[in-house]
Amino acid sequence: MDQNPPVPTEDPALLAAFEARIAAGESIEPKDWMPERYRKQLTRMMSQHAHSEIVGMLPEGNWITRAPSLRRKMSLIAKVQDEAGHGLYIYCGTETLGVDRHELVEALLDGRAKYSSIFNYPTLSWADMGVIGWLVDGAAIVNQTVLAKASYGPYARAMVRICKEENFHKRQGYEICSVLANGTPEQKAMVQEAFNRFWWPSLMMFGPSDTDSPNSAELLKWRVKRKTNDELRQRFVNLTVPQAIAIGITVPDPDMAFDADTGNWEFGEIDWSEFFEVLKGNGPCNRERLDARRKAHADGEWVRAAATAHAEKQKARSSTAAA
Amino acid sequence: MDQNPPVPTEDPALLAAFEARIAAGESIEPKDWMPERYRKQLTRMMSQHAHSEIVGMLPEGNWITRAPSLRRKMSLIAKVQDEAGHGLYIYCGTETLGVDRHELVEALLDGRAKYSSIFNYPTLSWADMGVIGWLVDGAAIVNQTVLAKASYGPYARAMVRICKEENFHKRQGYEICSVLANGTPEQKAMVQEAFNRFWWPSLMMFGPSDTDSPNSAELLKWRVKRKTNDELRQRFVNLTVPQAIAIGITVPDPDMAFDADTGNWEFGEIDWSEFFEVLKGNGPCNRERLDARRKAHADGEWVRAAATAHAEKQKARSSTAAA
Amino acid sequence: ANPLFEYLLRMGDDRLVLGHRLSEWCGHGPILEEDIALSNIALDLIGHASSLLALAGEVEGQGRDADKLAYFRDAVAFRNALLVEVPNGDFAVTMVRQFLFDAYSVLLLDALSRCEHEGLAAVAAKSLKEDKYHLRHSSEWVVRLGDGTAESHERAQKALDSLWRYTGELFDHDAVDDAVAAEAFIAIDHDALHSLWLTMVKDVVHRATLTLPTDPAMRRGGRRGFHTESLGHMLATMQIVARSHPGASW
Amino acid sequence: ANPLFEYLLRMGDDRLVLGHRLSEWCGHGPILEEDIALSNIALDLIGHASSLLALAGEVEGQGRDADKLAYFRDAVAFRNALLVEVPNGDFAVTMVRQFLFDAYSVLLLDALSRCEHEGLAAVAAKSLKEDKYHLRHSSEWVVRLGDGTAESHERAQKALDSLWRYTGELFDHDAVDDAVAAEAFIAIDHDALHSLWLTMVKDVVHRATLTLPTDPAMRRGGRRGFHTESLGHMLATMQIVARSHPGASW
């Protein structure tokens with residue numbers, strides 16, 4: 001999908017009407033006219049989001065078989081299952097924009113489609129399960145709460161539904177961390193170490209400063225994006241740092257300091273080179289994530305073929321029966 | 001391989017000379033004349049022994065990756081490696097009888113060849129590693145010490161070499177059990193439970209009472225077999241029971257009692273139905289053992305083909321170079 | 001020594017082990033919708049296991065709760081049937097294994113929901129609803145695979161042939177069953193159960209255009225702790241974190 | 001905090017993890033003679049690991065012996081290079097991985113056998129002999145596979161392509177290396193090592209009729225505990241018995 005195709009010639013009257021609707025805060029629905037670029041941007045955002053949910057099942061799925069209590073095991077299965085459901089739901093949303101789900105899946109497996117960079121980090125301890133719920137779902141919620149007022153109706157509504165579940169996941173993740181932070185010395189060390197690994201990558205989830213982000217201006221204009229990356233990132237930091245303090249977790253940032261005037265927790269410079277490496281496909285797990293999805297897809301080929309064949313046989317039988 | 005083929009007509013003079021040599025305690029070597037049945041019996045015994053060593057790598061190989069100390073890990077790898085070496089050595093021995101190793105392997109993978117029944121039992125705890133060394137190698141040694149005086153030279157010599165290593169394995173196995181028996185309550189329970197599982201099956205390793213064993217009479221005559229199954233079994237029990245008592249392990253046999261007159265530890269009735277089920281292929285692990293060997297063989301096909309292809313290329317190159 | 005404890009362990013371990021096996025599919029299913037379905041079933045089964053093991057722990061009366069039983073017993077102490085511990089294999093093995101178990105479980109729980117042990121009857125009744133969904137799902141898949149493509153048919157038949165030997169154990173009855181019948185009024189007619197199960201299975205196998213295997217020798221031992229070598233490896237993964245932090249809370 | 005301890009951990013963990021991976025082949029090798037050879041190499045490596053970890057524990061001075069370090073650390077505390085933890089894959093992956101490591105290890109141990117830390121120099125000298133056999137064995141196999149059949153060639157190339165990204169890490173040098181050079185007089189010229197290694201590798205790759213991969217981005221992190229997701233699963237199996245009986249002797 002092009003990021004910057006030549007701007008197709010849109011009917012100026014239609015375009016003006018469209019932008020007026022946006023400015024008035026109206027919801028754009030599937031059957032409404034929309035500029036081609038708007039359709040493309042929405043497709044890109046929604047498909048990236050869906051891919052993120054699907055790929056996001058893997059880092060957490062990695063710990064299901066090792067979850068240390070039956071309750072945590074069940075919660076984790078349910079969380080991963082929710083993510084699959086979110087992915088499905090958003091894929092259905094992309095279909096309202098005229099995109100075939102199978103094309104999207106192919107783009108993902110080919111390595112052409114993007115998904116949230118955070119899922120290219122490996123999960124190395126049980127504590128990652130708490131930290132991911134807390135920080136990653138937490139960051140996603142900050143992003144999505146705002147998207148819930150996005151101009152495209154199906155996307156906005158999907159965000160409302162998904163946010164509800166993700167708020168629950170975030171609370172559960174924080175609870176896991178809280179129990180660990182109040183546990184044995186080994187558990188305390190485990191959760192601090194996990195937090196140290198995920199802190200900066202979760203700040204990077206909001207994307208680079210908008211001056212560096214090619215899509216931002218357009219998306220803000222169309223109210224697809226409602227806040228800048230930096231604004232959202234700051235909101236996330238302000239929410240999260242007190243939570244960390246409350247359970248005795250240290251933020252691995254020597255430059256972090258509370259600014260009483262702004263009410264912001266000021267933080268240090270982000271090393272964006274890591275982010276761009278991950279985006280390029282050179283993150284810790286990029287290859288493993290894609291390999292896992294490809295394997296599942298390839299291994300499942302005969303199963304899907306069987307389901308299709310059986311459905312066709314059933315159809316043929318009922319036609320015959322009806323005839 | 002037939003157990004009871006029609007007796008081929010052997011030259012009575014050659015047969016008489018052969019039996020005289022046996023009676024005199026002479027060693028029969030590969031180039032000596034031997035009755036066809038003798039050749040067949042030896043091939044059967046030796047190939048079963050080789051197969052047993054190879055299949056026997058699996059129950060112990062099952063715990064290499066979980067060995068709880070570096071020293072035990074290394075010992076176990078070495079033990080399994082020794083077994084592979086024994087198998088190889090005996091396969092070479094069968095080649096002196098004119099049998100192709102690949103035919104033997106094929107017979108094993110096809111399920112046509114026999115191997116010691118004991119290896120059809122699964123290894124379910126770390127303590128099994130101690131118990132197997134102690135009881136299974138222990139029983140094998142009792143069998144083999146006698147076979148070391150067997151009439152067929154290559155087999156007798158193989159037994160001498162192998163027995164040396166197996167004595168070491170037996171002592172190591174007993175030492176593992178001793179440490180467990182003197183360890184934590186959980187370790188004590190673990191080794192007692194493992195002993196309970198392997199006791200009766202190791203008694204069965206000596207085979208049924210000779211009245212029930214089709215090959216015994218002939219093998220005794222030809223000094224391939226030197227003692228009856230029951231004699232060997234009793235010897236094993238007499239050796240082993242005091243060893244168990246010494247480390248506080250209870251033999252799971254309510255009928256066990258020491259007979260001061262004979263000096264034998266008398267033991268209860270063996271349930272031979274289990275043995276015959278295992279022989280028939282219905283033991284706990286028969287299928288898994290064969291599946292594992294078949295998989296290794298099948299997965300290794302391309303590797304063996306590569307080695308052959310490369311060797312041929314090398315040969316062609318040196319011929320060309322020489323030419 | 002405590003037959004009701006043993007009995008509940010058997011039921012709890014069946015569902016814990018099977019639920020864990022199913023959970024190994026998360027994120028690796030052949031279809032997204034199926035990933036969700038398998039996760040659902042895994043969730044249900046682990047929930048049932050949780051209730052059953054909790055009940056077992058109460059009956060044992062030595063302070064062991066469901067987690068203690070799940071995470072701190074070795075393989076030889078597990079009492080699940082061998083069927084549920086066999087590795088997932090391909091999707092056909094997973095679905096055939098599931099179907100063979102679901103058919104048994106629905107019949108068993110239906111009978112148990114009417115037994116006189118209140119605690120067990122309640123758990124059975126509650127779990128039965130979900131089991132019926134499981135059975136519908138797995139039998140539909142067995143039919144889909146058996147009567148799908150040539151490849152899926154072959155895989156399904158292979159699965160059925162290799163798993164059949166584990167089905168006898170589900171209907172065994174021993175001293176533990178006799179004791180709970182006498183002491184706790186949990187009286188299951190195993191032969192009748194087996195007969196009903198066979199009828200259900202034959203029907204689905206037939207609709208799936210598969211062939212019912214002829215009885216090979218049945219493999220048993222799980223009810224007495226004589227497991228296959230797979231269980232130990234499965235438990236290594238399942239228990240490692242809990243065992244690495246004895247006494248810790250999660 | 002203790003760079004020499006970190007350094008020895010890196011070396012010990014490399015050989016422990018690689019030795020463990022190789023030991024997974026026992027009983028499953030493609031040829032009986034090769035089963036024996038792989039076991040031999042696994043044995044040697046675990047022996048080297050044992051010595052190195054014992055030395056590490058002494059240097060750390062907190063009472064941890066080799067077993068304590070091997071069995072009671074979590075994945076994030078391991079310091080092996082990523083190359084050695086990747087799953088065995090097929091025989092080509094195993095052999096290529098082995099060759100890439102053996103070439104590095106022989107050069108490293110040769111240099112270390114002359115370093116001024118007596119304990120380490122002794123371990124290095126002793127291990128070097130065995131490593132040379134390993135290198136001969138693995139390079140012969142890489143050639144055999146690369147210049148064998150079309151299938152073995154393809155598998156060997158695939159293996160090389162997928163493992164190449166882990167080789168950069170072997171020659172990284174960081175503050176730990178600087179510190180041990182300064183404090184313990186263990187000064188390895190990593191660039192020179194890399195250069196020599198590349199020469200050896202190119203020679204074998206050429207004889208194997210394989211193509212040297214072009215540098216993709218290198219994967220690193222093992223030296224700081226940022227492992228792949230494979231290591232944790234490997235350790236679950238490796239450590240489960242020891243962890244289940246804390247404080248016990250074996």
# chains A, B, ... in the order shown; residues from 1 in each chain; ligands from 1
>>> interface_residues(of="chain D", to="chain A", cutoff="8 Å", atoms="only C-alpha atoms", output="list in words")
Ala75, Val76, Ala217, Arg219, Phe226, His227, Thr228, Glu229 and Gly232 of chain D
>>> select_by_dssp(residues="stretch 44-150 of chain D", states="helix (DSSP H, G or I)", output="ChimeraX atom specification")
/D:44-60,66-71,75-77,82-85,91-112,118-146,150
>>> closest_residue(among="C:Gly119, C:Gly47, C:Pro246, C:Pro216", to="chain D", atoms="only C-alpha atoms")
C:Pro246
>>> residues_around(residues="A:Glu36", least_positions_apart="2", cutoff="8 Å", atoms="only C-alpha atoms", output="PyMOL selection string")
chain A and resi 8+10+34+38-40
>>> residues_around(residues="stretch 105-119 of chain A", least_positions_apart="3", cutoff="9 Å", atoms="only C-alpha atoms", output="PyMOL selection string")
chain A and resi 1+44+47-53+55-59+100-102+122+136+198+201-202+204-205+275+278-279+281+283+285-286+289-291+293-294+297
>>> residues_around(residues="B:Ala307", least_positions_apart="3", cutoff="9 Å", atoms="only C-alpha atoms", output="number ranges by chain")
B: 302-304, 310-312; D: 141, 144-145, 148-149
>>> write_last_selection(atoms="C-alpha atoms", output="PDB file, in the first residue's frame")
ATOM      1  CA  TRP B 302      18.733 -37.301   3.020  1.00  0.00           C
ATOM      2  CA  VAL B 303      21.786 -37.090   5.267  1.00  0.00           C
ATOM      3  CA  ARG B 304      22.922 -40.613   4.442  1.00  0.00           C
ATOM      4  CA  HIS B 310      29.817 -36.839  -1.512  1.00  0.00           C
ATOM      5  CA  ALA B 311      31.949 -39.920  -1.036  1.00  0.00           C
ATOM      6  CA  GLU B 312      31.309 -40.881  -4.640  1.00  0.00           C
TER       7      GLU B 312
ATOM      8  CA  TRP D 141      29.924 -32.349   7.427  1.00  0.00           C
ATOM      9  CA  ARG D 144      29.541 -33.254   2.729  1.00  0.00           C
ATOM     10  CA  LEU D 145      26.118 -31.619   2.895  1.00  0.00           C
ATOM     11  CA  GLY D 148      26.350 -33.898  -1.515  1.00  0.00           C
ATOM     12  CA  THR D 149      22.937 -34.093  -3.130  1.00  0.00           C
TER      13      THR D 149
END
>>> interface_residues(of="chain D", to="chain C", cutoff="7 Å", atoms="only C-alpha atoms", output="list in words")
Ala236, Thr237, Ile240, Arg243 and Ser244 of chain D
>>> write_last_selection(atoms="C-alpha atoms", output="short mmCIF file (atom, residue, chain, number, x, y, z; two decimals), in the first residue's frame")
data_model
loop_
_atom_site.label_atom_id
_atom_site.label_comp_id
_atom_site.auth_asym_id
_atom_site.auth_seq_id
_atom_site.Cartn_x
_atom_site.Cartn_y
_atom_site.Cartn_z
CA ALA D 236 12.23 -25.34 31.30
CA THR D 237 13.17 -28.85 30.24
CA ILE D 240 12.68 -28.79 35.84
CA ARG D 243 14.15 -26.76 40.37
CA SER D 244 11.53 -29.17 41.67
#
>>> decode(residues="stretch 24-178 of chain A", atoms="C-alpha atoms", output="short mmCIF file (atom, residue, chain, number, x, y, z; two decimals), in the first residue's frame")
data_model
loop_
_atom_site.label_atom_id
_atom_site.label_comp_id
_atom_site.auth_asym_id
_atom_site.auth_seq_id
_atom_site.Cartn_x
_atom_site.Cartn_y
_atom_site.Cartn_z
CA ALA A 24 -18.77 19.34 11.87
CA GLY A 25 -17.79 16.19 13.73
CA GLU A 26 -19.96 13.90 11.64
CA SER A 27 -19.32 10.19 11.29
CA ILE A 28 -18.30 8.89 7.85
CA GLU A 29 -20.01 5.59 7.10
CA PRO A 30 -19.14 2.88 4.57
CA LYS A 31 -21.65 3.98 1.98
CA ASP A 32 -20.62 7.64 2.12
CA TRP A 33 -18.40 9.21 -0.47
CA MET A 34 -14.80 9.55 0.64
CA PRO A 35 -11.58 10.70 -1.02
CA GLU A 36 -9.44 7.86 -2.27
CA ARG A 37 -6.61 8.91 0.01
CA TYR A 38 -8.92 8.82 3.03
CA ARG A 39 -9.99 5.31 2.12
CA LYS A 40 -6.37 4.29 1.72
CA GLN A 41 -5.29 5.84 5.02
CA LEU A 42 -8.13 4.19 6.90
CA THR A 43 -7.39 0.86 5.27
CA ARG A 44 -3.76 1.19 6.24
CA MET A 45 -4.53 2.10 9.84
CA MET A 46 -7.22 -0.51 10.31
CA SER A 47 -5.28 -3.32 8.67
CA GLN A 48 -2.19 -2.46 10.69
CA HIS A 49 -4.31 -2.54 13.78
CA ALA A 50 -5.82 -5.92 12.88
CA HIS A 51 -2.41 -7.37 12.05
CA SER A 52 -1.14 -6.07 15.37
CA GLU A 53 -3.87 -7.91 17.23
CA ILE A 54 -3.09 -11.14 15.41
CA VAL A 55 0.67 -10.92 15.73
CA GLY A 56 0.17 -9.67 19.28
CA MET A 57 -1.23 -13.07 20.19
CA LEU A 58 2.24 -14.56 19.83
CA PRO A 59 4.33 -12.85 22.52
CA GLU A 60 1.67 -13.59 25.11
CA GLY A 61 0.74 -16.97 23.65
CA ASN A 62 4.38 -17.84 24.32
CA TRP A 63 3.64 -17.99 28.07
CA ILE A 64 0.25 -19.71 28.19
CA THR A 65 1.79 -23.13 28.69
CA ARG A 66 3.97 -21.81 31.53
CA ALA A 67 1.45 -19.65 33.40
CA PRO A 68 2.12 -20.37 37.08
CA SER A 69 -1.44 -20.68 38.38
CA LEU A 70 -4.69 -21.96 36.93
CA ARG A 71 -6.32 -18.56 37.28
CA ARG A 72 -3.48 -16.80 35.45
CA LYS A 73 -3.48 -19.52 32.82
CA MET A 74 -7.18 -18.99 32.14
CA SER A 75 -6.83 -15.20 32.12
CA LEU A 76 -4.00 -15.34 29.64
CA ILE A 77 -5.84 -17.70 27.30
CA ALA A 78 -8.84 -15.36 27.49
CA LYS A 79 -6.69 -12.33 26.76
CA VAL A 80 -5.10 -13.93 23.71
CA GLN A 81 -8.51 -15.07 22.58
CA ASP A 82 -9.81 -11.49 22.92
CA GLU A 83 -6.97 -10.32 20.71
CA ALA A 84 -7.92 -12.84 18.06
CA GLY A 85 -11.46 -11.56 18.29
CA HIS A 86 -10.32 -7.96 17.97
CA GLY A 87 -8.32 -8.87 14.89
CA LEU A 88 -11.33 -10.57 13.36
CA TYR A 89 -13.56 -7.64 14.17
CA ILE A 90 -11.25 -5.12 12.58
CA TYR A 91 -10.68 -7.30 9.51
CA CYS A 92 -14.45 -7.19 9.08
CA GLY A 93 -14.20 -3.42 9.39
CA THR A 94 -11.64 -3.24 6.60
CA GLU A 95 -14.04 -5.17 4.42
CA THR A 96 -16.42 -2.20 4.68
CA LEU A 97 -13.71 -0.24 2.89
CA GLY A 98 -13.72 -2.75 0.07
CA VAL A 99 -10.57 -4.63 1.01
CA ASP A 100 -10.45 -8.41 0.95
CA ARG A 101 -9.32 -9.97 4.23
CA HIS A 102 -7.30 -12.59 2.39
CA GLU A 103 -5.31 -9.93 0.55
CA LEU A 104 -4.51 -8.31 3.87
CA VAL A 105 -3.38 -11.61 5.37
CA GLU A 106 -1.23 -12.28 2.32
CA ALA A 107 0.39 -8.86 2.67
CA LEU A 108 1.18 -9.66 6.29
CA LEU A 109 2.68 -13.05 5.53
CA ASP A 110 4.71 -11.58 2.66
CA GLY A 111 6.21 -9.10 5.06
CA ARG A 112 4.67 -6.17 3.20
CA ALA A 113 2.22 -5.13 5.87
CA LYS A 114 3.10 -3.32 9.04
CA TYR A 115 2.02 -4.06 12.56
CA SER A 116 2.84 -2.45 15.84
CA SER A 117 6.58 -2.56 16.51
CA ILE A 118 6.11 -3.64 20.11
CA PHE A 119 5.21 -7.17 19.09
CA ASN A 120 8.67 -7.69 17.64
CA TYR A 121 10.07 -7.91 21.14
CA PRO A 122 10.39 -11.35 22.73
CA THR A 123 8.73 -12.26 26.01
CA LEU A 124 11.44 -13.57 28.27
CA SER A 125 9.83 -14.07 31.67
CA TRP A 126 6.42 -14.53 33.28
CA ALA A 127 6.56 -10.91 34.44
CA ASP A 128 6.37 -9.83 30.79
CA MET A 129 2.73 -10.93 30.91
CA GLY A 130 2.00 -8.33 33.55
CA VAL A 131 4.12 -5.65 31.94
CA ILE A 132 2.59 -6.16 28.51
CA GLY A 133 -0.94 -5.86 29.83
CA TRP A 134 -0.03 -2.78 31.80
CA LEU A 135 2.21 -0.94 29.35
CA VAL A 136 1.31 -2.26 25.92
CA ASP A 137 -2.44 -2.48 26.39
CA GLY A 138 -2.10 0.72 28.36
CA ALA A 139 -0.45 2.53 25.47
CA ALA A 140 -2.92 1.03 23.01
CA ILE A 141 -5.79 2.33 25.13
CA VAL A 142 -4.37 5.85 25.12
CA ASN A 143 -4.18 5.64 21.34
CA GLN A 144 -7.56 4.05 20.91
CA THR A 145 -9.57 6.13 23.34
CA VAL A 146 -8.88 9.00 21.03
CA LEU A 147 -9.54 6.89 17.94
CA ALA A 148 -12.94 6.13 19.40
CA LYS A 149 -13.88 9.59 18.21
CA ALA A 150 -12.32 9.00 14.81
CA SER A 151 -14.29 10.15 11.86
CA TYR A 152 -14.77 6.72 10.29
CA GLY A 153 -17.80 5.12 11.95
CA PRO A 154 -16.91 1.42 11.79
CA TYR A 155 -13.42 2.11 13.12
CA ALA A 156 -14.66 4.32 15.93
CA ARG A 157 -17.21 1.77 17.04
CA ALA A 158 -14.65 -1.04 16.90
CA MET A 159 -12.41 1.04 19.13
CA VAL A 160 -15.15 1.50 21.73
CA ARG A 161 -15.70 -2.26 21.96
CA ILE A 162 -12.03 -3.13 21.95
CA CYS A 163 -11.09 -0.46 24.50
CA LYS A 164 -13.51 -1.91 27.01
CA GLU A 165 -11.78 -5.30 26.88
CA GLU A 166 -8.35 -3.74 26.80
CA ASN A 167 -9.06 -1.71 29.90
CA PHE A 168 -9.77 -4.99 31.64
CA HIS A 169 -6.54 -6.47 30.28
CA LYS A 170 -4.58 -3.46 31.42
CA ARG A 171 -5.94 -3.72 34.94
CA GLN A 172 -5.15 -7.43 35.01
CA GLY A 173 -1.62 -6.75 33.76
CA TYR A 174 -1.07 -4.14 36.42
CA GLU A 175 -2.44 -6.52 39.01
CA ILE A 176 0.00 -9.22 37.94
CA CYS A 177 2.83 -6.69 38.32
CA SER A 178 1.56 -5.55 41.67
#
